[in-house]
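S.K.: Contents of entry21.cif (mmCIF, C-alpha atoms) are given next:
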```cif
data_structure
loop_
_atom_site.label_atom_id
_atom_site.label_comp_id
_atom_site.auth_asym_id
_atom_site.auth_seq_id
_atom_site.Cartn_x
_atom_site.Cartn_y
_atom_site.Cartn_z
CA MET A 598 -4.03 13.83 28.31
CA TYR A 599 -5.54 11.27 25.96
CA ARG A 600 -5.30 10.48 22.22
CA LEU A 601 -8.18 9.00 20.24
CA THR A 602 -7.58 5.59 18.65
CA ALA A 603 -9.66 3.32 16.42
CA THR A 604 -10.85 1.29 19.43
CA GLY A 605 -10.95 3.84 22.24
CA VAL A 606 -8.26 6.15 23.59
CA LYS A 607 -4.62 6.05 24.61
CA ARG A 608 -3.66 7.59 27.96
CA MET A 609 -0.54 9.55 27.10
CA ALA A 610 0.93 9.60 30.62
CA ASP A 611 1.68 5.87 30.55
CA ASN A 612 0.91 4.96 26.89
CA VAL A 613 -1.94 2.63 27.90
CA ASP A 614 -4.70 1.79 25.40
CA ILE A 615 -8.16 2.08 26.94
CA PRO A 616 -11.00 0.34 25.07
CA ASN A 617 -14.38 1.96 24.52
CA ASP A 618 -16.09 -0.07 27.23
CA THR A 619 -18.33 1.42 29.92
CA LYS A 620 -17.36 -1.45 32.27
CA ASN A 621 -13.72 -0.32 32.12
CA LYS A 622 -12.88 2.04 35.00
CA ASP A 623 -10.22 3.82 32.92
CA TRP A 624 -12.78 4.46 30.17
CA ARG A 625 -15.16 5.93 32.75
CA LYS A 626 -12.33 8.20 34.00
CA TYR A 627 -11.72 9.30 30.42
CA GLN A 628 -15.44 10.07 30.02
CA GLU A 629 -15.33 12.14 33.21
CA TRP A 630 -12.22 13.95 31.92
CA THR A 631 -14.01 14.93 28.69
CA ALA A 632 -17.17 15.91 30.62
CA ASN A 633 -14.99 18.45 32.44
CA GLY A 634 -14.28 20.18 29.12
CA ASN A 635 -11.03 18.47 28.18
CA ILE A 636 -10.42 17.56 24.54
CA PRO A 637 -8.37 14.51 23.49
CA LEU A 638 -5.65 14.68 20.87
CA GLN A 639 -6.63 13.53 17.39
CA PRO A 640 -5.55 10.03 16.38
CA ASP A 641 -2.08 9.54 14.95
CA GLU A 642 -2.36 8.21 11.37
CA GLY A 643 0.33 5.59 12.02
CA ASP A 644 -1.62 4.27 15.00
CA ILE A 645 -4.80 4.07 12.93
CA TRP A 646 -3.03 2.08 10.20
CA ALA A 647 -1.58 -0.22 12.86
CA ASP A 648 -5.09 -0.81 14.26
CA ILE A 649 -6.40 -1.53 10.76
CA ARG A 650 -3.59 -4.01 10.08
CA ASN A 651 -4.12 -5.71 13.46
CA THR A 652 -7.85 -6.07 12.80
CA ARG A 653 -7.16 -7.40 9.31
CA ASN A 654 -4.63 -9.91 10.65
CA LEU A 655 -7.08 -11.19 13.26
CA ILE A 656 -9.73 -11.70 10.58
CA LEU A 657 -7.22 -13.55 8.40
CA GLN A 658 -6.11 -15.75 11.30
CA SER A 659 -9.70 -16.58 12.23
CA SER A 660 -10.40 -17.69 8.65
CA ASP A 661 -7.27 -19.78 8.07
CA TRP A 662 -9.37 -22.93 8.56
CA VAL A 663 -11.08 -22.46 5.18
CA LEU A 664 -7.84 -23.22 3.34
CA LEU A 665 -7.00 -26.41 5.20
CA SER A 666 -7.21 -29.65 3.27
CA ASP A 667 -9.84 -31.05 5.63
CA SER A 668 -12.08 -27.98 5.40
CA PRO A 669 -15.69 -29.00 4.68
CA LEU A 670 -15.98 -26.29 2.01
CA THR A 671 -16.16 -27.07 -1.69
CA THR A 672 -13.48 -25.76 -4.06
CA ALA A 673 -15.89 -23.06 -5.28
CA GLU A 674 -16.61 -21.98 -1.69
CA LYS A 675 -12.89 -21.91 -0.89
CA ASN A 676 -12.34 -19.67 -3.94
CA ILE A 677 -14.91 -17.20 -2.59
CA TRP A 678 -13.04 -17.16 0.71
CA LYS A 679 -9.69 -16.75 -1.07
CA ALA A 680 -11.00 -13.67 -2.92
CA TYR A 681 -12.29 -12.22 0.37
CA ARG A 682 -8.97 -12.85 2.10
CA GLN A 683 -7.08 -11.23 -0.79
CA LYS A 684 -9.24 -8.11 -0.45
CA LEU A 685 -8.23 -7.99 3.22
CA ARG A 686 -4.54 -8.30 2.33
CA ASP A 687 -4.89 -5.53 -0.27
CA ILE A 688 -6.36 -2.94 2.12
CA PRO A 689 -3.06 -1.07 2.77
CA GLN A 690 -2.36 -0.82 -0.98
CA ASP A 691 -5.94 -0.06 -2.04
CA PHE A 692 -6.59 2.83 0.35
CA SER A 693 -4.39 5.89 0.78
CA GLU A 694 -6.21 7.20 3.87
CA PRO A 695 -7.30 5.18 6.89
CA SER A 696 -10.67 6.96 6.92
CA ALA A 697 -11.35 5.68 3.37
CA VAL A 698 -10.94 1.98 4.24
CA VAL A 699 -13.97 -0.10 3.31
CA TRP A 700 -13.90 -3.59 4.76
CA PRO A 701 -14.91 -6.43 2.43
CA ASP A 702 -18.42 -7.69 3.03
CA ARG A 703 -18.69 -11.00 4.89
CA LYS A 704 -22.41 -11.60 4.47
CA ASP A 705 -22.09 -13.73 1.33
CA LEU A 706 -19.23 -15.92 2.55
CA PRO A 707 -20.02 -19.65 2.59
CA LYS A 708 -20.51 -21.18 6.00
CA ALA A 709 -19.18 -24.58 6.95
CA GLU A 710 -21.77 -27.12 7.95
CA ALA A 711 -20.97 -29.89 10.35
CA LYS A 712 -20.88 -33.27 8.69
CA LYS A 713 -23.15 -35.89 10.18
CA VAL A 714 -21.42 -39.01 11.37
CA LYS A 715 -23.13 -42.26 10.43
CA GLU A 716 -23.95 -44.43 13.37
CA ASN A 717 -23.53 -48.21 13.05
#
```
Can you dump the structure from the file as structure tokens?
M.R.:
Amino acid sequence: MYRLTATGVKRMADNVDIPNDTKNKDWRKYQEWTANGNIPLQPDEGDIWADIRNTRNLILQSSDWVLLSDSPLTTAEKNIWKAYRQKLRDIPQDFSEPSAVVWPDRKDLPKAEAKKVKEN
């Protein structure tokens, strides 16, 4: 028996998460299981929220650099990043259902450019 998750399925027999990845032998076994007419359990809402929080936390961790004092971003650019990061932190309070979560858009976030070092 399997349960759907945000990133794949959970094998209930041993509580193992199996990612949606065709290179993963356990995922291929799951696909075979469903091809034989089996139906997985629906996702548990608590698990979905946990997946959302984990994803959010990874995004926050990967963008911690923007707030460091030696970040190459300007104050205005850092403020754009701060607003984006706050939207990420607010997801659990702003959405009552996991299916309603809308992730903040990253396309307009400032990018850091490498500074050129002057050669003597």
S.K.: So what do you get for atom CA of Ile645 of chain A versus atom CA of Lys622 of chain A, distance-wise?
M.R.: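 Answer for the atom CA of Ile645 of chain A to atom CA of Lys622 of chain A separation: 23.6 Å.
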S.K.: On this structure, the PyMOL selection byres ((chain A and resi 701-711) around 10) would catch which residues? List them as an NGL selection string, sorted by chain and number.
M.R.: :A and (663 or 668-671 or 673-675 or 677-678 or 680-685 or 688 or 698-700 or 712-714)
S.K.: Need the shell around Asn635 of chain A: protein/DNA/RNA residues with any atom at most 10 Å away, counting all atoms listed in the file. Skip same-chain ones fewer than 5 positions apart. Format as a list in words?
M.R.: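 The residues satisfying every condition are Met598, Tyr599, Tyr627, Gln628, Glu629 and Trp630 of chain A.
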S.K.: Quick one: of A:Trp646, A:Trp624, A:Phe692, A:Trp662, who's nearest to Lys607 of chain A, counting all atoms listed in the file?
M.R.: A:Trp624
S.K.: Can you pull out every residue within 12 Å of Glu642 of chain A, counting all atoms listed in the file, but drop anything in the same chain fewer than 6 positions away, and send it as a list of chain:residue names?
M.R.: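 Once the nearby chain positions are removed, what remains is A:Arg600, A:Leu601, A:Thr602, A:Ala603, A:Asp648, A:Ile649, A:Ser693, A:Glu694, A:Pro695, A:Ser696.
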S.K.: Work out how far apart atom CA of Gln690 of chain A and atom CA of Ala647 of chain A are and give it in Å to one decimal.
M.R.: 13.9 Å
S.K.: For the atom pair atom CA of Pro640 of chain A and atom CA of Leu655 of chain A, what is the interatomic distance in Å to one decimal place?
M.R.: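 Atom-to-atom, atom CA of Pro640 of chain A and atom CA of Leu655 of chain A are spaced 21.5 Å apart.
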S.K.: Find the spatial neighbours of Arg686 of chain A, counting only C-alpha atoms, within a cut-off of 9 Å - ignore same-chain residues fewer than 5 positions away - and output them as a PyMOL selection string.
M.R.: chain A and resi 650+653-654+657+681
S.K.: Can segment 675-704 of chain A be brought up to N, CA and C atoms and written out as a PDB file, keeping the file's coordinate frame?
M.R.:
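Final output, rebuild-v5.pdb:
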```
ATOM      1  N   LYS A 675     -14.234 -22.336  -1.295  1.00  0.00           N
ATOM      2  CA  LYS A 675     -12.890 -21.910  -0.890  1.00  0.00           C
ATOM      3  C   LYS A 675     -12.410 -20.748  -1.754  1.00  0.00           C
ATOM      4  N   ASN A 676     -12.742 -20.766  -3.045  1.00  0.00           N
ATOM      5  CA  ASN A 676     -12.340 -19.670  -3.940  1.00  0.00           C
ATOM      6  C   ASN A 676     -12.996 -18.357  -3.548  1.00  0.00           C
ATOM      7  N   ILE A 677     -14.231 -18.403  -3.081  1.00  0.00           N
ATOM      8  CA  ILE A 677     -14.910 -17.200  -2.590  1.00  0.00           C
ATOM      9  C   ILE A 677     -14.159 -16.656  -1.369  1.00  0.00           C
ATOM     10  N   TRP A 678     -13.799 -17.551  -0.474  1.00  0.00           N
ATOM     11  CA  TRP A 678     -13.040 -17.160   0.710  1.00  0.00           C
ATOM     12  C   TRP A 678     -11.662 -16.600   0.331  1.00  0.00           C
ATOM     13  N   LYS A 679     -11.005 -17.228  -0.645  1.00  0.00           N
ATOM     14  CA  LYS A 679      -9.690 -16.750  -1.070  1.00  0.00           C
ATOM     15  C   LYS A 679      -9.779 -15.324  -1.604  1.00  0.00           C
ATOM     16  N   ALA A 680     -10.810 -15.026  -2.378  1.00  0.00           N
ATOM     17  CA  ALA A 680     -11.000 -13.670  -2.920  1.00  0.00           C
ATOM     18  C   ALA A 680     -11.232 -12.673  -1.782  1.00  0.00           C
ATOM     19  N   TYR A 681     -12.036 -13.078  -0.801  1.00  0.00           N
ATOM     20  CA  TYR A 681     -12.290 -12.220   0.370  1.00  0.00           C
ATOM     21  C   TYR A 681     -10.990 -11.948   1.131  1.00  0.00           C
ATOM     22  N   ARG A 682     -10.224 -12.996   1.364  1.00  0.00           N
ATOM     23  CA  ARG A 682      -8.970 -12.850   2.100  1.00  0.00           C
ATOM     24  C   ARG A 682      -7.975 -11.980   1.326  1.00  0.00           C
ATOM     25  N   GLN A 683      -7.973 -12.077   0.008  1.00  0.00           N
ATOM     26  CA  GLN A 683      -7.080 -11.230  -0.790  1.00  0.00           C
ATOM     27  C   GLN A 683      -7.475  -9.760  -0.672  1.00  0.00           C
ATOM     28  N   LYS A 684      -8.778  -9.490  -0.644  1.00  0.00           N
ATOM     29  CA  LYS A 684      -9.240  -8.110  -0.450  1.00  0.00           C
ATOM     30  C   LYS A 684      -8.748  -7.565   0.892  1.00  0.00           C
ATOM     31  N   LEU A 685      -8.752  -8.419   1.910  1.00  0.00           N
ATOM     32  CA  LEU A 685      -8.230  -7.990   3.220  1.00  0.00           C
ATOM     33  C   LEU A 685      -6.741  -7.659   3.126  1.00  0.00           C
ATOM     34  N   ARG A 686      -5.983  -8.527   2.456  1.00  0.00           N
ATOM     35  CA  ARG A 686      -4.540  -8.300   2.330  1.00  0.00           C
ATOM     36  C   ARG A 686      -4.241  -7.025   1.532  1.00  0.00           C
ATOM     37  N   ASP A 687      -5.116  -6.671   0.603  1.00  0.00           N
ATOM     38  CA  ASP A 687      -4.890  -5.530  -0.270  1.00  0.00           C
ATOM     39  C   ASP A 687      -5.274  -4.187   0.349  1.00  0.00           C
ATOM     40  N   ILE A 688      -5.880  -4.190   1.517  1.00  0.00           N
ATOM     41  CA  ILE A 688      -6.360  -2.940   2.120  1.00  0.00           C
ATOM     42  C   ILE A 688      -5.267  -1.863   2.184  1.00  0.00           C
ATOM     43  N   PRO A 689      -4.060  -2.151   2.691  1.00  0.00           N
ATOM     44  CA  PRO A 689      -3.060  -1.070   2.770  1.00  0.00           C
ATOM     45  C   PRO A 689      -2.674  -0.492   1.403  1.00  0.00           C
ATOM     46  N   GLN A 690      -2.717  -1.310   0.354  1.00  0.00           N
ATOM     47  CA  GLN A 690      -2.360  -0.820  -0.980  1.00  0.00           C
ATOM     48  C   GLN A 690      -3.543  -0.135  -1.666  1.00  0.00           C
ATOM     49  N   ASP A 691      -4.756  -0.566  -1.344  1.00  0.00           N
ATOM     50  CA  ASP A 691      -5.940  -0.060  -2.040  1.00  0.00           C
ATOM     51  C   ASP A 691      -6.469   1.260  -1.483  1.00  0.00           C
ATOM     52  N   PHE A 692      -6.069   1.617  -0.272  1.00  0.00           N
ATOM     53  CA  PHE A 692      -6.590   2.830   0.350  1.00  0.00           C
ATOM     54  C   PHE A 692      -5.435   3.719   0.800  1.00  0.00           C
ATOM     55  N   SER A 693      -5.483   4.974   0.417  1.00  0.00           N
ATOM     56  CA  SER A 693      -4.390   5.890   0.780  1.00  0.00           C
ATOM     57  C   SER A 693      -4.629   6.554   2.136  1.00  0.00           C
ATOM     58  N   GLU A 694      -5.874   6.588   2.583  1.00  0.00           N
ATOM     59  CA  GLU A 694      -6.210   7.200   3.870  1.00  0.00           C
ATOM     60  C   GLU A 694      -6.939   6.191   4.745  1.00  0.00           C
ATOM     61  N   PRO A 695      -6.611   6.131   6.016  1.00  0.00           N
ATOM     62  CA  PRO A 695      -7.300   5.180   6.890  1.00  0.00           C
ATOM     63  C   PRO A 695      -8.820   5.408   6.935  1.00  0.00           C
ATOM     64  N   SER A 696      -9.235   6.659   6.841  1.00  0.00           N
ATOM     65  CA  SER A 696     -10.670   6.960   6.920  1.00  0.00           C
ATOM     66  C   SER A 696     -11.422   6.463   5.683  1.00  0.00           C
ATOM     67  N   ALA A 697     -10.712   6.141   4.605  1.00  0.00           N
ATOM     68  CA  ALA A 697     -11.350   5.680   3.370  1.00  0.00           C
ATOM     69  C   ALA A 697     -11.488   4.164   3.308  1.00  0.00           C
ATOM     70  N   VAL A 698     -10.924   3.450   4.274  1.00  0.00           N
ATOM     71  CA  VAL A 698     -10.940   1.980   4.240  1.00  0.00           C
ATOM     72  C   VAL A 698     -12.380   1.466   4.289  1.00  0.00           C
ATOM     73  N   VAL A 699     -12.679   0.595   3.344  1.00  0.00           N
ATOM     74  CA  VAL A 699     -13.970  -0.100   3.310  1.00  0.00           C
ATOM     75  C   VAL A 699     -13.651  -1.581   3.449  1.00  0.00           C
ATOM     76  N   TRP A 700     -14.169  -2.180   4.504  1.00  0.00           N
ATOM     77  CA  TRP A 700     -13.900  -3.590   4.760  1.00  0.00           C
ATOM     78  C   TRP A 700     -14.730  -4.453   3.823  1.00  0.00           C
ATOM     79  N   PRO A 701     -14.142  -5.528   3.302  1.00  0.00           N
ATOM     80  CA  PRO A 701     -14.910  -6.430   2.430  1.00  0.00           C
ATOM     81  C   PRO A 701     -16.106  -7.010   3.178  1.00  0.00           C
ATOM     82  N   ASP A 702     -17.175  -7.200   2.444  1.00  0.00           N
ATOM     83  CA  ASP A 702     -18.420  -7.690   3.030  1.00  0.00           C
ATOM     84  C   ASP A 702     -18.326  -9.192   3.299  1.00  0.00           C
ATOM     85  N   ARG A 703     -18.735  -9.587   4.494  1.00  0.00           N
ATOM     86  CA  ARG A 703     -18.690 -11.000   4.890  1.00  0.00           C
ATOM     87  C   ARG A 703     -20.015 -11.715   4.706  1.00  0.00           C
ATOM     88  N   LYS A 704     -21.071 -10.988   4.420  1.00  0.00           N
ATOM     89  CA  LYS A 704     -22.410 -11.600   4.470  1.00  0.00           C
ATOM     90  C   LYS A 704     -22.614 -12.721   3.455  1.00  0.00           C
TER      91      LYS A 704
END
```
